[in-house]
Each structure stands twice: as structure tokens, then as C-alpha cells.
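Below is one structure, written out as C-alpha cells, with a few remarks after it.
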Amino acid sequence: MAAAAVKKWSYGASGLILLLSVFSLSQSASSGDTTYRRQLSVQLNPGAPAPPQGFDLLHVRAVGVNDTLHFLLCSLGAPTLLLVHTNTSSSTVKVNWSQFSDRNVSSSLKVEPESSIIYSTAVVFSRLLEYDDVNNTADPTSDLFPPYELQNFTWSPLNLSGPTAVLCGAATAFTAGSLCLQLSVFESDGRGQSWPRLLHTANSSQLWVWLDGVLPRASHSRFLLELQAVGGAYPPSRVEVHQSIDDEFTPSIFKVSQWVSSVNSSSEVLGFLQWKPVAYRRPHPALEDATPCRHSDPRPQSSEGTAAASGLIRAFYTEPQTFGLNMSFGLAGDPFYNSTNFLRWTVLVGTGSPPVDSFSPMVLAIMAAGLGTPMILLLVGGVFVCIRKRLTASATAYEPIN
């Protein structure tokens with residue numbers, strides 16, 4: 001009996017040690033490498049002899065130990081974010097401003113030395129689409145209104161606050177309201193403070209896209225946003241959807257979508273767009289303000305059409321490859337846009353592998369308590385049974401006869 005109790009104790013102790021080890025490793029993984037930092041510098045219209053007319057070009061330079069990320073946000077035509085990764089900490093951006101403003105010359109914007117470029121990608125916000133969901137089916141293929149071409153919007157000057165910039169624009173067809181984008185570039189790993197609280201790294205940037213006060217063209221309107229991802233040899237071409245069992249940071253959402261570029265489906269990811277399939281109907285949302293999103297499959301697009309819509313694409317790429325998809329907001333039965341006249345969606349754009357979310361220390365502590373308590377009870381129970389049986393055996397044994 002003593003051997004059996006010791007065996008139980010051994011199993012319980014081994015299980016507890018294993019659980020604590022997993023907890024420790026998971027806690028380390030969830031915290032990430034917060035020691036790696038990039039040095040950020042911000043330039044508006046770098047090298048321009050005078051402020052350009054009707055648009056801005058923002059350059060955020062993120063310098064690492066032996067590499068540099070160049071983030072360029074431009075409102076010349078359709079708003080575009082370009083990310084260029086180089087293998088040197090001394091690479092720079094050069095702009096031929098007369099050619100750049102004309103929008104008809106390739107290579108008027110360069111990252112030098114050009115031989116240092118490891119990877120580049122761009123995302124173009126090309127069109128805003130609206131449809132009348134009178135039957136509440138959330139089917140965007142019917143009753144579409146004429147699209148809003150974002151290249152034809154009037155864009156306000158960029159509003160800068162450190163490595164964060166806000167760009168707002170309006171169409172002549174808007175009787176009120178605006179479409180805005182907010183770019184944030186990060187010097188280290190972290191997490192957004194507002195839902196969906198995406199995990200970011202020093203190799204990524206975050207874009208908020210929102211509609212605010214735009215009057216819909218029908219009482220049952222829903223919206224779609226057309227995105228075009230551009231690259232050189234390997235543009236983002238496929239979307240991967242990953243499941244999760246934890247919704248701690250984005251309540252009620254158990255998926256993350258990643259639009260990735262790679263040499264082939266089994267090779268290392270070169271760059272990505274990452275988002276949670278959720279948007280919010282208020283600037284400071286509660287859980288009931290969440291509305292699900294859906295994306296279409298990426299399809300090849302006309303590179304000429306994309307370059308014509310975006311001055312930045314025309315200026316940087318000579319032979320771009322383009323894939324496009326639509327992001328639709330709202331499912332059947334969800335409130336329509338006019339319930340709040342506000343809609344905000346968040347996406348990360350970065351190089352390398354997308355950040356992977358993991359359980360937070362709080363969730364891990366709850367799991368450890370839930371799983372560890374039975375093991376501790378088993379351990380204590382085994383020791384108690386062992387002692388009790390030994391005492392019982394001693395009390396009932398025959399006394400020796402002198």
C-alpha cells in the first residue's frame with residue numbers, strides 16, 4: 001500500500017511540475033521579445049522643395065541593428081501604404097518631386113541602395129462600395145450603388161503625432177462625413193489599447209480605417225472596402241484563416257485572417273496583412289458594437305489600373321503584381337450602417353511572419369489553478385491514504401508474546 005501511495009505521489013508531483021513548466025514557457029512566449037527596438041524617425045514630404053499641392057507623402061524610417069524598414073503613406077490618388085525592407089541601417093528614400101507629382105514616371109521614388117532591398121509590398125485602398133441590403137441577407141452582389149473611387153477623393157493634409165498619422169478624405173458625392181485612415185508605426189512589440197487589440201511587432205504597422213458621419217444612400221445600406229495588395233516578384237496572394245480558443249483581447253472573435261506573400265504555399269512568409277474579422281460601429285466600442293467582417297478570395301488585378309489609381313505605386317514599381325479582395329462589413333441580421341453612421345476596421349501590415357497571439361499570464365494562471373488544483377488534491381489525498389493505512393495496520397497488528 002505504501003508503494004502505491006508513493007507511486008500516486010510521484011505521478012501527481014510529476015504532473016504538477018510539468019504543468020508549472022508549461023505555464024512558465026507559455027508566459028514567456030506570451031510576453032514576446034520586448035527588448036528588441038527600432039529607432040523611428042518621421043519625415044513629411046522628404047526632400048520636397050516646397051509643400052506639394054493636393055497630397056502628402058509621409059516617410060517613417062524604422063532602423064534596426066542591421067536593417068531598416070521604410071513605411072511610406074501617400075495620398076496622391078488612392079491612399080497607399082508602401083513597406084520596403086532593406087538589409088542595411090543606412091538606406092534612404094529619394095524622390096524626384098517633379099516626376100512624382102506628374103504621376104506618369106516609374107522610379108521617381110527610390111529606396112537606395114536598391115541592391116539592399118530584401119522585400120517590398122504595398123496596400124492600396126482603392127474603392128468604397130455600398131449596397132442596399134433591403135432583404136437583410138448581407139449579400140453584396142445585388143443592388144450595388146455606383147462605387148466611390150478613392151483616387152478621386154479630396155484628401156486633407158496629414159495630421160501627425162510622432163509615428164502616428166491621420167488622413168481623412170471626402171468625395172463630392174458625400175453630403176457629409178469622411179473616410180479616414182490612421183497609420184501607427186511601432187518601435188517595439190506590444191498590443192493595441194483599443195479593440196480588436198491586435199498584437200504587433202517592431203516589424204509591423206497598424207492601420208485603422210473608418211467611416212464617420214457619411215450619409216448612406218439607402219436606409220438598409222452596408223459597405224465594402226476594396227483592397228489591392230501589390231508586390232514585386234511575390235505579392236500577397238493568399239489568405240490564411242487561423243482558429244483560436246481564446247477571445248480575451250477581442251471578445252467573441254476566435255479567428256485571425258492573414259493575407260500573406262511567400263515563394264510558394266509551403267515556404268517562409270515574406271510579408272503580410274493581418275486582421276481580426278470584426279469591425280466596430282462606435283469609436284469607443286462596447287461588445288454589442290462589434291460587427292463581423294468577411295473577405296472575398298484574392299484575385300489577380302490589372303497592375304496598370306492599380307498604378308493609375310495610386311501615384312505611389314506608379315512611382316516605386318516598374319513591373320508590379322497585384323491581387324485584390326473586398327472586405328464586407330456586417331452579416332444578415334446585424335444592424336445597418338445608419339444605426340450609428342460609424343464603422344471602423346483594423347489591419348496590420350508587416351514584413352516577415354505575422355505575430356502569433358498566445359494566452360496571457362492571467363488566462364494561464366486561471367488554467368494552472370483549474371488544472372493544478374486536482375493534482376494537488378490527488379497528491380495530498382495519496383499521502384493521507386498512505387499514512388492512514390500505515391496507522392491502521394499498526395493498530396490492528398498482533399502484539400508479540402513474551
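Following the order of the C-alpha cells, chains are lettered A, B, ..., residues in each are numbered from 1, and ligands are numbered from 1.
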
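Residues within 10 Å of Thr86 (chain A), counting only C-alpha atoms and excluding same-chain residues fewer than 6 positions away, are Val63, Asn66, Asp67, Thr68, Leu69, His70, Thr92, Val111, Glu112, Pro113, Glu114, Ser115, Ser116, Ile117, Ile118, Tyr119 and Ser120 of chain A.
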
Problem - Interatomic distance (Å, one decimal) between CA of Thr137 (chain A) and CA of Asn326 (chain A) - result: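 These atoms are spaced 17.1 Å apart.
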
Practice task
Could you give me, as a list in words, each residue of region 247-326 of chain A that DSSP assigns to helix (DSSP H, G or I) when run on this structure's backbone?
Solution key: Leu287, Glu288, Asp289, Ser303, Glu304, Gly305, Thr306, Ala307, Ala308, Ala309, Gly311, Leu312, Ile313, Arg314, Ala315 and Phe316 of chain A

Write out the residues from the selection above, keeping C-alpha atoms, as a CSV table (one decimal), in the first residue's frame.
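Result file part-v6.csv:
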chain,number,residue,atom,x,y,z
A,287,LEU,CA,-19.2,44.3,-27.1
A,288,GLU,CA,-22.6,45.0,-28.7
A,289,ASP,CA,-21.0,47.4,-31.2
A,303,SER,CA,-1.4,46.3,-62.4
A,304,GLU,CA,-1.9,49.1,-64.9
A,305,GLY,CA,-5.2,50.0,-63.3
A,306,THR,CA,-3.6,49.9,-59.8
A,307,ALA,CA,-0.7,52.1,-60.9
A,308,ALA,CA,-3.1,54.6,-62.5
A,309,ALA,CA,-5.1,54.8,-59.3
A,311,GLY,CA,0.7,57.7,-57.5
A,312,LEU,CA,2.9,55.8,-55.1
A,313,ILE,CA,2.6,52.5,-56.9
A,314,ARG,CA,3.4,54.2,-60.2
A,315,ALA,CA,6.5,55.9,-58.7
A,316,PHE,CA,8.1,52.9,-57.0

Practice task
Find the distance between CA of Val124 (chain A) and CA of Asn341 (chain A) and write it in Å to one decimal.
Solution key: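 Distance reported for this atom pair: 23.9 Å.
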